[in-house]
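Undergrad: Pasting a structure below so you can have a look.
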Amino acid sequence: MRKILLQVDSDLQPSVFDAITALDSVDCVMLRHGAVTPENVTALVHGCMFTRSPQNLRDTAIFIGGSSVEEAEKVLKKVTETLWAPLNVSVMFDPNGCNTTSAAAVYNMASVCALSGKKAAILSGTGPVGQRAAGLLLKLGASVTITSRNIDKAKSASDAIGRRFGKSPECAVMRGDEDIPPILDGAVAALCCGAAGVQLISEKLWREHPTLRVVADVNAVPPLGVEGSDMLWQAHETDGKIVYGAIGIGGLKMKIHRLAISRLFEEKGLILDTEAIYDLAGEAAK
Amino acid sequence: MRKILLQVDSDLQPSVFDAITALDSVDCVMLRHGAVTPENVTALVHGCMFTRSPQNLRDTAIFIGGSSVEEAEKVLKKVTETLWAPLNVSVMFDPNGCNTTSAAAVYNMASVCALSGKKAAILSGTGPVGQRAAGLLLKLGASVTITSRNIDKAKSASDAIGRRFGKSPECAVMRGDEDIPPILDGAVAALCCGAAGVQLISEKLWREHPTLRVVADVNAVPPLGVEGSDMLWQAHETDGKIVYGAIGIGGLKMKIHRLAISRLFEEKGLILDTEAIYDLAGEAAK
Amino acid sequence: MRKILLQVDSDLQPSVFDAITALDSVDCVMLRHGAVTPENVTALVHGCMFTRSPQNLRDTAIFIGGSSVEEAEKVLKKVTETLWAPLNVSVMFDPNGCNTTSAAAVYNMASVCALSGKKAAILSGTGPVGQRAAGLLLKLGASVTITSRNIDKAKSASDAIGRRFGKSPECAVMRGDEDIPPILDGAVAALCCGAAGVQLISEKLWREHPTLRVVADVNAVPPLGVEGSDMLWQAHETDGKIVYGAIGIGGLKMKIHRLAISRLFEEKGLILDTEAIYDLAGEAAK
């Protein structure tokens, strides 16, 4: 019985990135669907549920992706509502790489710096990667602050994190370098989750910071989020800081993504979302 | 040379059910197309015809599906008009499972009850499954009545069956249990083809019926078409009746579907529509 | 690592012809995308570039097709602008078969008649196949004339050929048989690139022509471009002329197409457009 991975993607063109990564992870046949909505996904999920015996459904799985995390979350909700045991299949949720990226960033930071009971900040942390990284850092026992140019946006993201992960981060407004000192006061870790091509922190500020131990950036489009860093840096040590660039994080991200895909076919009924994907980081990093 | 199955589906999202069933039937590569119309299918069929030698076209086949049987019939018409020997390929037609479902239901009924020269009724029998089941029962020599809430709809379906299968069933109006006694008077078989979640016959009526020998139902969404039955029943004997539920029929339906797909690659130029698919039921049931 | 071919097609339904031909050329997995535009192709190309190591990208390639050569050219431009070494992959460009068809036609003509320094005419030569055939004949050293019913259209095509291939053909108006004698005066080769079902040259004219040595036609829909010819003719000799019909040319076209697909996975970073595809004709013809 062949392994089959149903790719459901909200974009008109289903992600080629996700398809190739899946094909490189497991010897599977892909059934690729773009323009998937909560309305039309039910029939696709039924097609998975009603074609194989409960035992053989271990060889069928679903990957939910797409550039809009918000749309993908609606699709995930519908997919999990539609599946029921024993006719359920495993599902991985990673639209725009938000789960694998946040897992790789947080795992990398935690691997070089004890974070439990310590202060961490996520600059520009209201997007999908920032929110998930905040949730993971909170679960690791860190005290977390997320920033935004707009305090309402930060509060709304903090509330969403609270609903999803059980704890909420602090909020702070950050419009430029001058707002950073109080935010990073006493912090050991800073993760930059800004938009592509937006610098978030000046070189002088992070290099000379008295307590920061690890700095990471998920922006791979110059100018980078961390001025004076290199997107290839992977645990690069400089001025007493350990720095990760976007491509430095990307290596682990890809390993986590591939491992998660292979897990889909090892156990039936998994829902691989943020925490479950993070739990794979240690094995992926080996 | 790899086996290639072109899936043409009128729905925006081509059926995952049909794709997985095909992949579980034959080691083939699927070329899956949704939003297929009589207008755009010609180029797809030409793509099958003009890429391989006549001899090698045995390894190329077409599956026509989709949730609308009416749209699929227009596509089938265009596909068969486009193909010509020796550049023809085999085609299977099973939109919404109408052919495999009606074949499984009728074969199951006929396997437990001689139907030639006997009376059979198809309750709510104007849809794609009901019409095909009527055609098959007529070919088996049964005297068939189809029912509808609306006599004009029944007559129109009966005419369509006559044009397609050469014989027309009787028509009857059935709005509720009270209309059933004359319809089932002397009948040995009743097949319920109602919409999902619509009860068609009361438990008292079928259990106490003096001549009924077999009752079948293709509705898998409670309330079932046959009150007091179980969708899992497969030749379940009770009160002297043999009863089939939707999932009980579904087992044979899947076997017929898989066998039909594998036949596509054994002989060139087949058109597997209602009768040809029914002819596979005996082998599939073994 | 599996070979992966990304099919990008401007048509709503990606070409089945191109998919089957690719699958018959190389043991690859196809990622098929229709409705591709210069706007949405970037993400698809990035999906190729950022999923495998530079070395392993030899096993990823892109095929650009579709019925509109003009739309496909815009997509090709965007694809080549998006790719950069070492994260580049090989690309084949053959919308509507324009490159493989012109390569096969010109190679066939050149294989039976020395063309360098000789006169060749392309009747109805302003379309994608005609323009590419003109470019190839000019590169072979022939003196080329393209014809059209409309002189402005011919001049515009000639200019486009000049920009693309470095040399421009002569232009001539041809509305019917009576315009042909001066166009073919002294010519050794004539290629008919008219629309399907349009006759371009009368039987009397080509059979009795004093200098013509080879005549070819890419129209496979009767009436053929070359009156009194057969679409199956492949180097058919009659009245001292060697004649190729559309299907006669099609055999070599398919071989070139398949060889080009396999080349995509032998070398990284190839752009297989008109000249590179023509360069494969000799090997394909063996």
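Within each chain, counting starts at residue 1; across the structure tokens, chains are named A, B, ... in the order shown, with ligands numbered 1 upward in that order.
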Would you kindly return, as a PyMOL selection string, each protein, DNA or RNA residue with an atom no farther than 6 Å from any atom of Asn219 of chain A, considering only C-alpha atoms and excluding same-chain residues fewer than 3 positions away?
TA: chain A and resi 196+224+246
Undergrad: Output as a CSV table (one decimal) with C-alpha atoms, in the first residue's frame the set of chain A residues within 12 Å of chain C, with distances taken over only C-alpha atoms.
TA:
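See out.csv below for the written result:
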chain,number,residue,atom,x,y,z
A,7,GLN,CA,-1.6,18.6,0.4
A,11,ASP,CA,-3.3,29.5,-2.2
A,12,LEU,CA,-4.4,29.1,-5.8
A,13,GLN,CA,-1.1,27.4,-6.5
A,14,PRO,CA,-0.3,24.8,-3.8
A,15,SER,CA,3.2,25.3,-2.4
A,16,VAL,CA,6.0,23.7,-4.4
A,17,PHE,CA,8.3,24.1,-1.4
A,18,ASP,CA,6.0,21.9,0.8
A,19,ALA,CA,5.6,19.3,-2.0
A,20,ILE,CA,9.4,18.9,-2.6
A,21,THR,CA,10.1,18.8,1.1
A,22,ALA,CA,7.5,16.1,1.6
A,23,LEU,CA,8.8,14.0,-1.4
A,24,ASP,CA,12.3,14.3,0.1
A,25,SER,CA,11.1,13.1,3.5
A,26,VAL,CA,9.0,10.0,2.6
A,27,ASP,CA,8.4,7.9,-0.5
A,28,CYS,CA,4.8,9.0,-1.0
A,29,VAL,CA,2.4,9.9,-3.7
A,30,MET,CA,1.1,13.5,-3.3
A,31,LEU,CA,-2.4,14.6,-4.0
A,32,ARG,CA,-2.0,18.4,-4.3
A,33,HIS,CA,-4.9,20.8,-3.9
A,34,GLY,CA,-4.8,24.6,-4.1
A,66,GLY,CA,-0.4,28.0,2.3
A,67,SER,CA,0.9,31.5,2.6
A,96,ASN,CA,4.1,29.5,5.5
A,220,ALA,CA,16.5,36.4,5.0
A,247,ILE,CA,19.5,30.6,6.8
A,250,GLY,CA,16.7,27.3,8.1
A,251,GLY,CA,18.9,24.2,8.3
A,253,LYS,CA,13.8,24.1,10.1
A,254,MET,CA,14.2,21.8,7.1
A,255,LYS,CA,15.3,18.9,9.3
A,257,HIS,CA,9.9,19.7,8.6
A,258,ARG,CA,11.2,16.4,7.1
Undergrad: Residues of segment 56-257 of chain B classed as strand (DSSP E or B) by DSSP on the backbone are to be reported as number ranges by chain.
TA: B: 60-65, 90-93, 119-123, 143-148, 170-173, 187-192, 201, 214-217, 226, 236-238, 241-244
Undergrad: Just the residues within 12 Å of Tyr278 of chain B, please, counting only C-alpha atoms, with nothing from its chain fewer than 3 positions along; format it as a ChimeraX atom specification.
TA: /B:94,98-108,110,132-133,135-137,139-140,252-253,255-257,259-260,272-275,281-285
Undergrad: Show which residues sit within 7 Å of segment 147-150 of chain B, as a list in words. Count only C-alpha atoms, and ignore same-chain residues fewer than 3 positions away.
TA: Ile122, Leu123, Ser124, Gly125, Thr126, Lys153, Ala154, Cys171, Ala172, Val173, Met174 and Arg175 of chain B
Undergrad: Go ahead and save the residues from that selection, with N, CA and C atoms, as a compact mmCIF listing (two decimals), in the first residue's frame.
TA:
# COMPACT_ATOMS: atom_id res chain seq x y z
N ILE B 122 -37.71 0.51 -6.49
CA ILE B 122 -36.62 1.39 -6.09
C ILE B 122 -37.26 2.65 -5.52
N LEU B 123 -37.19 2.76 -4.21
CA LEU B 123 -37.82 3.91 -3.56
C LEU B 123 -36.90 5.11 -3.73
N SER B 124 -37.48 6.25 -4.11
CA SER B 124 -36.69 7.45 -4.40
C SER B 124 -35.66 7.10 -5.47
N GLY B 125 -36.18 6.62 -6.58
CA GLY B 125 -35.31 6.00 -7.58
C GLY B 125 -35.01 6.84 -8.80
N THR B 126 -35.15 8.17 -8.70
CA THR B 126 -34.96 9.00 -9.90
C THR B 126 -33.55 9.52 -10.06
N LYS B 153 -41.36 13.82 -12.27
CA LYS B 153 -39.94 13.49 -12.11
C LYS B 153 -39.73 11.98 -12.33
N ALA B 154 -40.64 11.20 -11.81
CA ALA B 154 -40.53 9.75 -12.00
C ALA B 154 -40.65 9.38 -13.47
N CYS B 171 -43.78 3.75 -12.90
CA CYS B 171 -43.60 4.92 -12.03
C CYS B 171 -44.67 4.91 -10.95
N ALA B 172 -44.30 5.41 -9.77
CA ALA B 172 -45.28 5.55 -8.71
C ALA B 172 -44.92 6.75 -7.84
N VAL B 173 -45.97 7.39 -7.32
CA VAL B 173 -45.74 8.50 -6.39
C VAL B 173 -45.63 7.93 -4.99
N MET B 174 -44.58 8.36 -4.26
CA MET B 174 -44.45 7.93 -2.86
C MET B 174 -44.03 9.13 -2.03
N ARG B 175 -44.99 9.56 -1.19
CA ARG B 175 -44.69 10.72 -0.33
C ARG B 175 -44.46 10.30 1.12
Undergrad: Could you write out, as a PyMOL selection string, all the residues of segment 89-167 of chain B that DSSP marks as alpha helix (DSSP H)?
TA: chain B and resi 98-112+128-139+151-165
Undergrad: Tell me, as a PDB file with C-alpha atoms, in the first residue's frame, which residues lie within 12 Å of Pro181 of chain B, counting only C-alpha atoms; anything in the same chain fewer than 5 positions away does not count.
TA:
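Output file selection_19.pdb follows:
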ATOM      1  CA  ALA B 121     -39.136  -1.428  -6.288  1.00  0.00           C
ATOM      2  CA  ALA B 172     -45.283   5.553  -8.706  1.00  0.00           C
ATOM      3  CA  VAL B 173     -45.736   8.502  -6.395  1.00  0.00           C
ATOM      4  CA  MET B 174     -44.454   7.926  -2.865  1.00  0.00           C
ATOM      5  CA  GLY B 176     -44.702   8.590   2.803  1.00  0.00           C
ATOM      6  CA  GLY B 186     -46.058  -8.769  -4.428  1.00  0.00           C
ATOM      7  CA  ALA B 187     -42.512  -7.361  -4.567  1.00  0.00           C
ATOM      8  CA  ALA B 190     -36.791  -3.041  -2.367  1.00  0.00           C
ATOM      9  CA  ILE B 201     -39.679   2.972   4.868  1.00  0.00           C
ATOM     10  CA  SER B 202     -40.821   2.214   8.411  1.00  0.00           C
ATOM     11  CA  LYS B 204     -42.960  -2.220  10.814  1.00  0.00           C
ATOM     12  CA  LEU B 205     -43.701  -2.103   7.113  1.00  0.00           C
ATOM     13  CA  TRP B 206     -40.636  -3.979   5.863  1.00  0.00           C
ATOM     14  CA  GLU B 208     -44.002  -7.535   8.386  1.00  0.00           C
ATOM     15  CA  HIS B 209     -44.165  -7.462   4.593  1.00  0.00           C
ATOM     16  CA  PRO B 210     -45.528 -10.760   3.248  1.00  0.00           C
ATOM     17  CA  THR B 211     -43.465 -11.089   0.049  1.00  0.00           C
ATOM     18  CA  LEU B 212     -40.310  -8.973   0.475  1.00  0.00           C
TER      19      LEU B 212
END
Undergrad: Tell me, as a list in words, which residues lie within 7 Å of Pro95 of chain C, counting only C-alpha atoms; anything in the same chain fewer than 2 positions away does not count.
TA: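 With the cut-off at 7 Å, the set is Ile64, Gly65, Gly66, Ser67, Ser68, Val69, Ala72, Phe93, Gly97 and Cys98 of chain C.
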Undergrad: Can you measure atom CA of Ala195 of chain B to atom CA of Gly225 of chain B for me? One decimal in Å is fine.
TA: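 Value for the atom CA of Ala195 of chain B-atom CA of Gly225 of chain B distance: 8.3 Å.
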